[in-house]
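Here the structure is laid out as structure tokens; the discussion comes afterwards.
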Amino acid sequence: SAVKPPALARAVMDPSREELAELEPSVPLTLQMESEEPLSLPRLPRFWRAAYWALRRALSWRAPHVLSSNMRAVHLNRPKRNKFYRVHVSNEVKTAKYSLLSFFPKNLFEQFRRTANFYFVVILILQIIPDTSPSGRPTMALPLGWVLIVSAIKEAFEDWKRHRNDNEQNARKTFVLREEHGEKKFVVTKWADVKIGDIVKVEARENRQFPADLVFLASSNENGVCHIETSNLDGETNLKIREAVKCTSYAREAEEFALLDGYVSYEPPNNLLYSFEGTLTSVDGSKLPLTLDNMLWRGSALRNTEWIVGMVLYAGHETRIMKNMKPAPSKFSQVEKVSNRLVLAMGAVLLVLCAVGAIGNYVFEIGDGEDFPWLPRIDAASHVVARFFTFMVILSTLIPISLYVTIELVRFGQSYFISWDLDMYDEDLDRPCAARTSNLNEELGQIDYIFSDKTGTLTENVMEFRACSIGTKDYTDEELRSAAEKGDKQALDFLTVLALCHAVVLEDGEYDGSSPDDIALVKAAAQCGVAFKGKLAGTITLADKNGHGTAVKFLHLLPFTSARKKMSVVVEMPSGEICVLTKGADVAIEEILRKDDPILASIQESTDRFAHEGLRTLFVARRTLPRAMYDEWAHELHEASVSLHNRDELMLAAYAKIEREVELIGATAIEDKLQDGVPEAIATLRTAHIRVAMLTGDKRATAVNIAHSCRLIDRNTSQIRLEEKDAEREGATEVLRRALLEVESSGRSCAVVVRGSFLDYVRSPEEQHAFAELMLACSTAVCCRVTPIQKSLIVRMMRRQGVRSLAIGDGANDVTMIQTAHVGVGIYGKEGMQAVSASDFAFGKFRFIVKLLLVHGRWSVKRITDVVKYMFYKNVVLTMCQFYFGIYSGFSGQPFLDDWLWGTFNLMWTSVPIILHGIFDQDISANASVAFPELYIYGQENKWFSKKALRGSFVNAFFHSAIVFFLPFGVAKMSVNEDGKVALSALWMLSTAVFSITVVLVNAKNALITRYWTWPFTFFLIFSVLAYIPGALWYSTFLELAPNMYKVSQTLIMLPQLWLLILLVVVACLLRDFAVRYLREYYGDDFYHTVVQLDRMQDLQHSMLKPADIRRKFRSIHELV
């Protein structure tokens, strides 16, 4: 099936003397070893055999495994020479964090790195020290163990999923060239057993994914190409073409691949998916450049090709896909930061209480010690220190031990409900909203500024050709088709450039490619009668409307990059003329035009008009090269392509030599339609006091037009434009100062329109501060011609002003912006998965951001603040009872509450209901949240977690703790039974009564703050209270376990005073809370509470009304009230 290879290619495979003689005389004769196994030489002494092989190795052609610190070398079919990599680099992938042996110590180390966990370990140690522990029992072990176990189970579950994925990957099968029974053939091998230097065969009918990073040697196609899909790498589902190395592309059989000889020198492992530098050196010393087009990355999949063969260059964790698997930057929500400060504040309160208790006990024993002669004499300093640590033990629960694990479980549950929301499910892509992290749920409810990409985020990224300008004349798509049918030479030349200058492939009659712009232009050319029919063996075929074909020799592709902003192809036309065809952004093409181009002014006028209509524009140009100039340039390009150092710089320099003095032909205008619901979504966000800025690389006119279309700017908005020419003339500081004065004096809504080049002048901290102040003074911002780095810079400047930011985009150029913002959102689009992979949340349409922020974000911040305040509340109520008891016990450190019973407080009787509250509670329904976006300001201004709200919560907790202790204590003084013996006033009877009252009270408090009752919450709330009774009775039956508590619960439950006290304390504590809530909701003029009442009365949770109808209904009811 293979044509006889040329002499050079045969020499690379098996250089015999006759074949080498066919080459140039200067090519040296090179020995070829058929086998690396030593020959059997039994008649020669060992010394002579060693000398023989030393001489043979010296004469043999070889290369080291490391050429330099920046380059590697791997041999074809030489396992022993690749031994270094085969031993030290495995293709087995391990993404799991733990193993069976390392899980216990490593997980404990990770958990004890948390300050709170370490603090409670210290308390546990103090509990077993006789001088500091009041009981000598390590009761902190129970709640601490529960926290550690829950966190460990969560980590183990997540790591188990990683292990499962790793095992599936490593157990996959592929074909590797091996020798069996003296015969070379492709043998089924696990991916984990593949080594660097192995020759691998991948078949489409088997596992079509590549097991490692391969250099492409040959394929089933005669032209030596294959099609691959890289969706696992970058999310792009369009097919890409890869080309086999020319000198090996004809090989078909295993024996042919086994005879290949040479070595590949290439760059060390890195994470660059879109570049590769390498060189294949054959045995005759000739070099062939290896580029990205010759590489098949692990994670890619073979398509529309029966099989390919490649050699492994990178394996395992050195592959590109693994190098790109880096953890996202750590982000923490504002609520979490405030919670950390609360823990520190309560730690300070704890130290003060411990100091008061220690000093109080010292004063008591010094002053009243004579009344208690059995007390030992004390040493002042050591006694105060010992009592200080004693109080630290008995008051340690002032800081809730389960705070962080509770927050984690609540966030975990919230993230699942975000992912299950059908309103954010994209039917077109069959993708739900993905909560890629649960740490930032509440941050969604506090966003001040949204920074959005344009193409693919606000628009569909589905391009349609609408118009063009050729020479000095403009054409619509219909007019262009008519001109081409009439044989207009200018139109046909223009269409020919569009049909040739692209990176599109033809698959099953459909055009496919990585650039939607390219596909739209190629389709337009085909509809006008110049159809691209594919590229085969270096020849591009074009066909006219009658089907007559034209062959154009393809010579070079100068690819598009975000830095170059243009692409070119070098072709040889049927007439023999060598042409450079170029298209790209106007600013990039204008830099390489010939001087005084006659149609530049006309084309610029046309593109400005197209841009005002919201169309994307590209310039199209060409240049004719003399043959001698091309030959010289091609040689220079080849030398640059095989260079082992600075290849990219040399290639760019070579590109620049022919991409100059080009002749402008015309310009194209492509429409990118807005996504459905974008204008309405932006209007809703602005009503919620969320500002939206658009950051795009398009022209200013295009960006401003799209801003008008999506309601970022209206006709009443004043535009403040920042130009680089003004900054160059006056300085950025003066321009920004004048712009800020203009905004302040305008008296109406303003939008700042910034060109990316202006940001180059905003360098100093003062200038960046002034720029951020200007953006805050304006209602919106439109930043055009900005680079990815400039997008990130804008977000960073706004963050420094204290703005809570969200960045949303769909492409690789949005990754830095997404990672810089407080919250990053990725759009499942047509530009790959890079933005999604770097994001915190991801979905398919921009309009879903309304539900994500106004509903889930607002719910989450309300729920989490409720959880944090409640966790501190219930611990303060119970712990302060111990401190109050110290007043009547001389601050002796005598425990008031039983240790084991106390340890179950956070673990069993109050834990589950608040977790379910944090997952399910809804203060208002989803419909009301969207209908009244103004309510979002409660999260933005942190009203639920402000200093005032926290102060009120803690004052309320201390007030409730005083009632819980002193009311039963006062009743106990009067509680004497008929025999004259004290009943309730006994220490453990009183403490158990106080503990029982607290359990009922804090669960009742949870019920009071909950507005949306679900059956799981209702069940566990009631169960937590009722289950406490048999639990306390069971605990009191063990004399050995708790001698002080023996039969206490059984006696206490029969006392009517207990049930009366429970009723009195709960009413006394919560009556004020209930009254305040009732008065606010029914008689207050607060907008939030009014909406809560409307939501409850009208049952908006299940309403089918649209948000506008709900608002109208609200206004009519509110006026009647």
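For the structure tokens, the naming scheme is as follows: chains receive sequential letters (A, B, ...) according to their order of presentation, residues are indexed from 1 within each chain, and ligands are indexed from 1 in presentation order.
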Residue neighbourhood Thr910 (chain A), 10 Å, only C-alpha atoms, exclusion window fewer than 2 positions, as a PyMOL selection string: chain A and resi 871+874+904-908+912-915+999-1000+1002-1003+1006+1020-1021+1024-1025
Produce a file of the selected residues containing N, CA and C atoms, as a tab-separated table (two decimals), in the first residue's frame.
```tsv
chain	number	residue	atom	x	y	z
A	871	MET	N	-24.22	29.65	65.60
A	871	MET	CA	-23.19	28.82	66.22
A	871	MET	C	-22.57	29.52	67.42
A	874	LYS	N	-25.44	29.83	70.44
A	874	LYS	CA	-25.75	28.69	71.30
A	874	LYS	C	-24.57	28.34	72.21
A	904	THR	N	-21.69	16.45	74.13
A	904	THR	CA	-22.69	16.08	73.11
A	904	THR	C	-23.54	17.25	72.65
A	905	PHE	N	-23.37	18.40	73.26
A	905	PHE	CA	-24.22	19.56	72.95
A	905	PHE	C	-24.11	19.95	71.47
A	906	ASN	N	-22.89	20.21	71.00
A	906	ASN	CA	-22.67	20.59	69.60
A	906	ASN	C	-22.72	19.39	68.67
A	907	LEU	N	-22.50	18.21	69.23
A	907	LEU	CA	-22.39	17.03	68.38
A	907	LEU	C	-23.74	16.42	68.03
A	908	MET	N	-24.65	16.34	69.01
A	908	MET	CA	-25.86	15.56	68.81
A	908	MET	C	-27.15	16.37	68.87
A	912	VAL	N	-27.56	19.07	63.55
A	912	VAL	CA	-28.20	18.80	62.26
A	912	VAL	C	-29.21	19.89	61.86
A	913	PRO	N	-30.07	20.38	62.76
A	913	PRO	CA	-31.06	21.37	62.31
A	913	PRO	C	-30.43	22.63	61.72
A	914	ILE	N	-29.33	23.12	62.29
A	914	ILE	CA	-28.75	24.35	61.74
A	914	ILE	C	-28.08	24.09	60.40
A	915	ILE	N	-27.55	22.88	60.18
A	915	ILE	CA	-27.00	22.53	58.87
A	915	ILE	C	-28.11	22.54	57.82
A	999	VAL	N	-30.85	23.18	75.64
A	999	VAL	CA	-31.12	22.38	74.43
A	999	VAL	C	-32.43	22.78	73.80
A	1000	VAL	N	-33.47	22.94	74.62
A	1000	VAL	CA	-34.78	23.33	74.08
A	1000	VAL	C	-34.73	24.75	73.54
A	1002	VAL	N	-32.16	26.69	72.37
A	1002	VAL	CA	-31.41	26.97	71.14
A	1002	VAL	C	-32.09	26.34	69.93
A	1003	ASN	N	-32.76	25.22	70.10
A	1003	ASN	CA	-33.52	24.66	68.98
A	1003	ASN	C	-34.75	25.50	68.68
A	1006	ASN	N	-33.58	28.37	66.69
A	1006	ASN	CA	-33.40	27.97	65.29
A	1006	ASN	C	-34.73	27.97	64.56
A	1020	PHE	N	-35.78	16.78	61.87
A	1020	PHE	CA	-34.58	16.75	62.69
A	1020	PHE	C	-34.64	17.78	63.82
A	1021	LEU	N	-35.39	18.86	63.64
A	1021	LEU	CA	-35.54	19.82	64.74
A	1021	LEU	C	-36.30	19.17	65.89
A	1024	SER	N	-34.21	16.24	67.42
A	1024	SER	CA	-33.09	16.66	68.27
A	1024	SER	C	-33.53	16.93	69.69
A	1025	VAL	N	-34.73	17.51	69.85
A	1025	VAL	CA	-35.24	17.80	71.19
A	1025	VAL	C	-35.76	16.54	71.86
```
Those of region 210-275 of chain A in DSSP strand (DSSP E or B), formatted as a list in words: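 After running DSSP on the backbone, region 210-275 of chain A has strand (DSSP E or B) at Asp213, Leu214, Val215, Phe216, Leu217, Ala218, Ser219, Val225, Cys226, His227, Ile228, Glu229, Thr230, Glu236, Thr237, Asn238, Leu239, Lys240, Ile241, Arg242, Glu243, Tyr263, Val264, Ser265 and Tyr266 of chain A.
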Which residue gives the smallest distance to Pro211 (chain A) among A:Ser265, A:Asn170, A:Thr879, A:Thr582, with only C-alpha atoms counted?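 When distances to Pro211 (chain A) are compared using only C-alpha atoms, the smallest one comes from A:Asn170.
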Residues near Leu409 (chain A), anyone? I mean within 10 Å using only C-alpha atoms, not counting same-chain ones fewer than 4 positions away, as number ranges by chain. A: 150-151, 154, 404-405, 413-415, 438, 915-916, 918-919
Deliver the residues from the most recent selection as a file, using C-alpha atoms, as an mmCIF file, in the first residue's frame.
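Output (part.cif):
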```cif
data_model
loop_
_atom_site.group_PDB
_atom_site.id
_atom_site.type_symbol
_atom_site.label_atom_id
_atom_site.label_comp_id
_atom_site.auth_asym_id
_atom_site.auth_seq_id
_atom_site.Cartn_x
_atom_site.Cartn_y
_atom_site.Cartn_z
ATOM 1 C CA VAL A 150 -16.327 14.320 59.349
ATOM 2 C CA SER A 151 -13.567 16.279 57.636
ATOM 3 C CA LYS A 154 -15.148 14.251 53.188
ATOM 4 C CA TYR A 404 -15.899 25.392 60.289
ATOM 5 C CA VAL A 405 -17.069 21.849 59.639
ATOM 6 C CA GLY A 413 -25.161 21.121 50.248
ATOM 7 C CA GLN A 414 -25.726 24.557 48.738
ATOM 8 C CA SER A 415 -23.386 23.806 45.820
ATOM 9 C CA SER A 438 -18.237 25.611 47.354
ATOM 10 C CA ILE A 915 -27.003 22.528 58.866
ATOM 11 C CA LEU A 916 -30.388 21.938 57.213
ATOM 12 C CA GLY A 918 -28.164 26.646 56.033
ATOM 13 C CA ILE A 919 -29.001 24.413 53.063
#
```
Out of A:Glu632, A:Asp518, A:Asp493, A:Asp198, which residue has the shortest atom-to-atom distance to Val505 (chain A) when counting only C-alpha atoms?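 The shortest atom-to-atom distance to Val505 (chain A) comes from A:Asp518.
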Residues near Glu92 (chain A), anyone? I mean within 8 Å using only C-alpha atoms, not counting same-chain ones fewer than 4 positions away, as an MDAnalysis selection string. chainID A and resid 170 191:193 316:317
Fewer than 3 positions away in the same chain doesn't count, so skip those; otherwise give me all residues within 10 Å of region 890-900 of chain A, counting only C-alpha atoms, as a JSON list (two decimals) with C-alpha atoms, in the first residue's frame.
```json
[["chain", "number", "residue", "atom", "x", "y", "z"],
["A", 132, "THR", "CA", -5.45, 22.36, 85.20],
["A", 133, "SER", "CA", -8.27, 19.91, 84.50],
["A", 134, "PRO", "CA", -11.29, 20.13, 86.83],
["A", 135, "SER", "CA", -12.35, 16.55, 86.04],
["A", 136, "GLY", "CA", -9.27, 14.86, 84.61],
["A", 137, "ARG", "CA", -11.38, 13.43, 81.74],
["A", 138, "PRO", "CA", -10.57, 14.24, 78.09],
["A", 139, "THR", "CA", -14.14, 15.08, 77.16],
["A", 140, "MET", "CA", -13.01, 17.36, 74.35],
["A", 141, "ALA", "CA", -11.99, 14.20, 72.50],
["A", 142, "LEU", "CA", -15.61, 13.48, 71.55],
["A", 143, "PRO", "CA", -16.50, 16.71, 69.69],
["A", 354, "CYS", "CA", -10.06, 33.28, 82.21],
["A", 356, "VAL", "CA", -11.10, 37.32, 85.71],
["A", 357, "GLY", "CA", -11.75, 33.79, 86.97],
["A", 358, "ALA", "CA", -8.13, 33.18, 87.97],
["A", 359, "ILE", "CA", -7.80, 36.51, 89.80],
["A", 360, "GLY", "CA", -11.25, 36.12, 91.34],
["A", 361, "ASN", "CA", -10.32, 32.73, 92.76],
["A", 362, "TYR", "CA", -7.07, 34.11, 94.18],
["A", 363, "VAL", "CA", -8.91, 36.98, 95.84],
["A", 364, "PHE", "CA", -11.51, 34.58, 97.22],
["A", 365, "GLU", "CA", -8.98, 32.22, 98.74],
["A", 368, "ASP", "CA", -12.22, 34.06, 102.65],
["A", 386, "ALA", "CA", -3.13, 27.03, 87.09],
["A", 387, "ARG", "CA", -6.60, 28.55, 87.54],
["A", 388, "PHE", "CA", -6.19, 30.50, 84.30],
["A", 389, "PHE", "CA", -5.71, 27.27, 82.37],
["A", 390, "THR", "CA", -8.50, 25.60, 84.33],
["A", 391, "PHE", "CA", -10.92, 28.27, 83.20],
["A", 392, "MET", "CA", -9.58, 27.97, 79.66],
["A", 393, "VAL", "CA", -10.64, 24.33, 79.77],
["A", 394, "ILE", "CA", -14.11, 24.83, 81.19],
["A", 395, "LEU", "CA", -14.85, 27.92, 79.04],
["A", 878, "LEU", "CA", -24.30, 27.47, 77.47],
["A", 879, "THR", "CA", -20.68, 28.41, 78.24],
["A", 881, "CYS", "CA", -23.57, 29.54, 82.60],
["A", 882, "GLN", "CA", -20.28, 27.97, 83.70],
["A", 883, "PHE", "CA", -18.80, 31.41, 84.26],
["A", 884, "TYR", "CA", -21.84, 32.62, 86.21],
["A", 885, "PHE", "CA", -21.57, 29.57, 88.44],
["A", 886, "GLY", "CA", -18.03, 30.66, 89.31],
["A", 887, "ILE", "CA", -19.47, 33.67, 91.11],
["A", 903, "GLY", "CA", -19.51, 17.28, 74.82],
["A", 904, "THR", "CA", -22.69, 16.08, 73.11],
["A", 905, "PHE", "CA", -24.22, 19.56, 72.95],
["A", 987, "LEU", "CA", -25.43, 20.81, 91.89],
["A", 988, "TRP", "CA", -25.92, 18.16, 89.23],
["A", 989, "MET", "CA", -29.68, 18.47, 89.33],
["A", 990, "LEU", "CA", -29.44, 22.19, 88.69],
["A", 991, "SER", "CA", -26.76, 21.87, 86.01],
["A", 992, "THR", "CA", -28.71, 19.16, 84.17],
["A", 993, "ALA", "CA", -31.83, 21.31, 84.33],
["A", 994, "VAL", "CA", -29.92, 24.28, 82.87],
["A", 995, "PHE", "CA", -28.45, 22.05, 80.16],
["A", 1035, "TYR", "CA", -26.52, 8.27, 80.20],
["A", 1041, "LEU", "CA", -19.24, 6.26, 83.44],
["A", 1042, "ALA", "CA", -20.71, 9.25, 85.31],
["A", 1044, "ASN", "CA", -22.09, 12.35, 89.60],
["A", 1045, "MET", "CA", -24.93, 11.94, 87.12]]
```
With only C-alpha atoms as the basis for distance, which of A:Leu637, A:Arg252, A:Ile196, A:Leu342 is at the shortest distance from Phe954 (chain A)?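 The closest residue to Phe954 (chain A) is A:Leu342.
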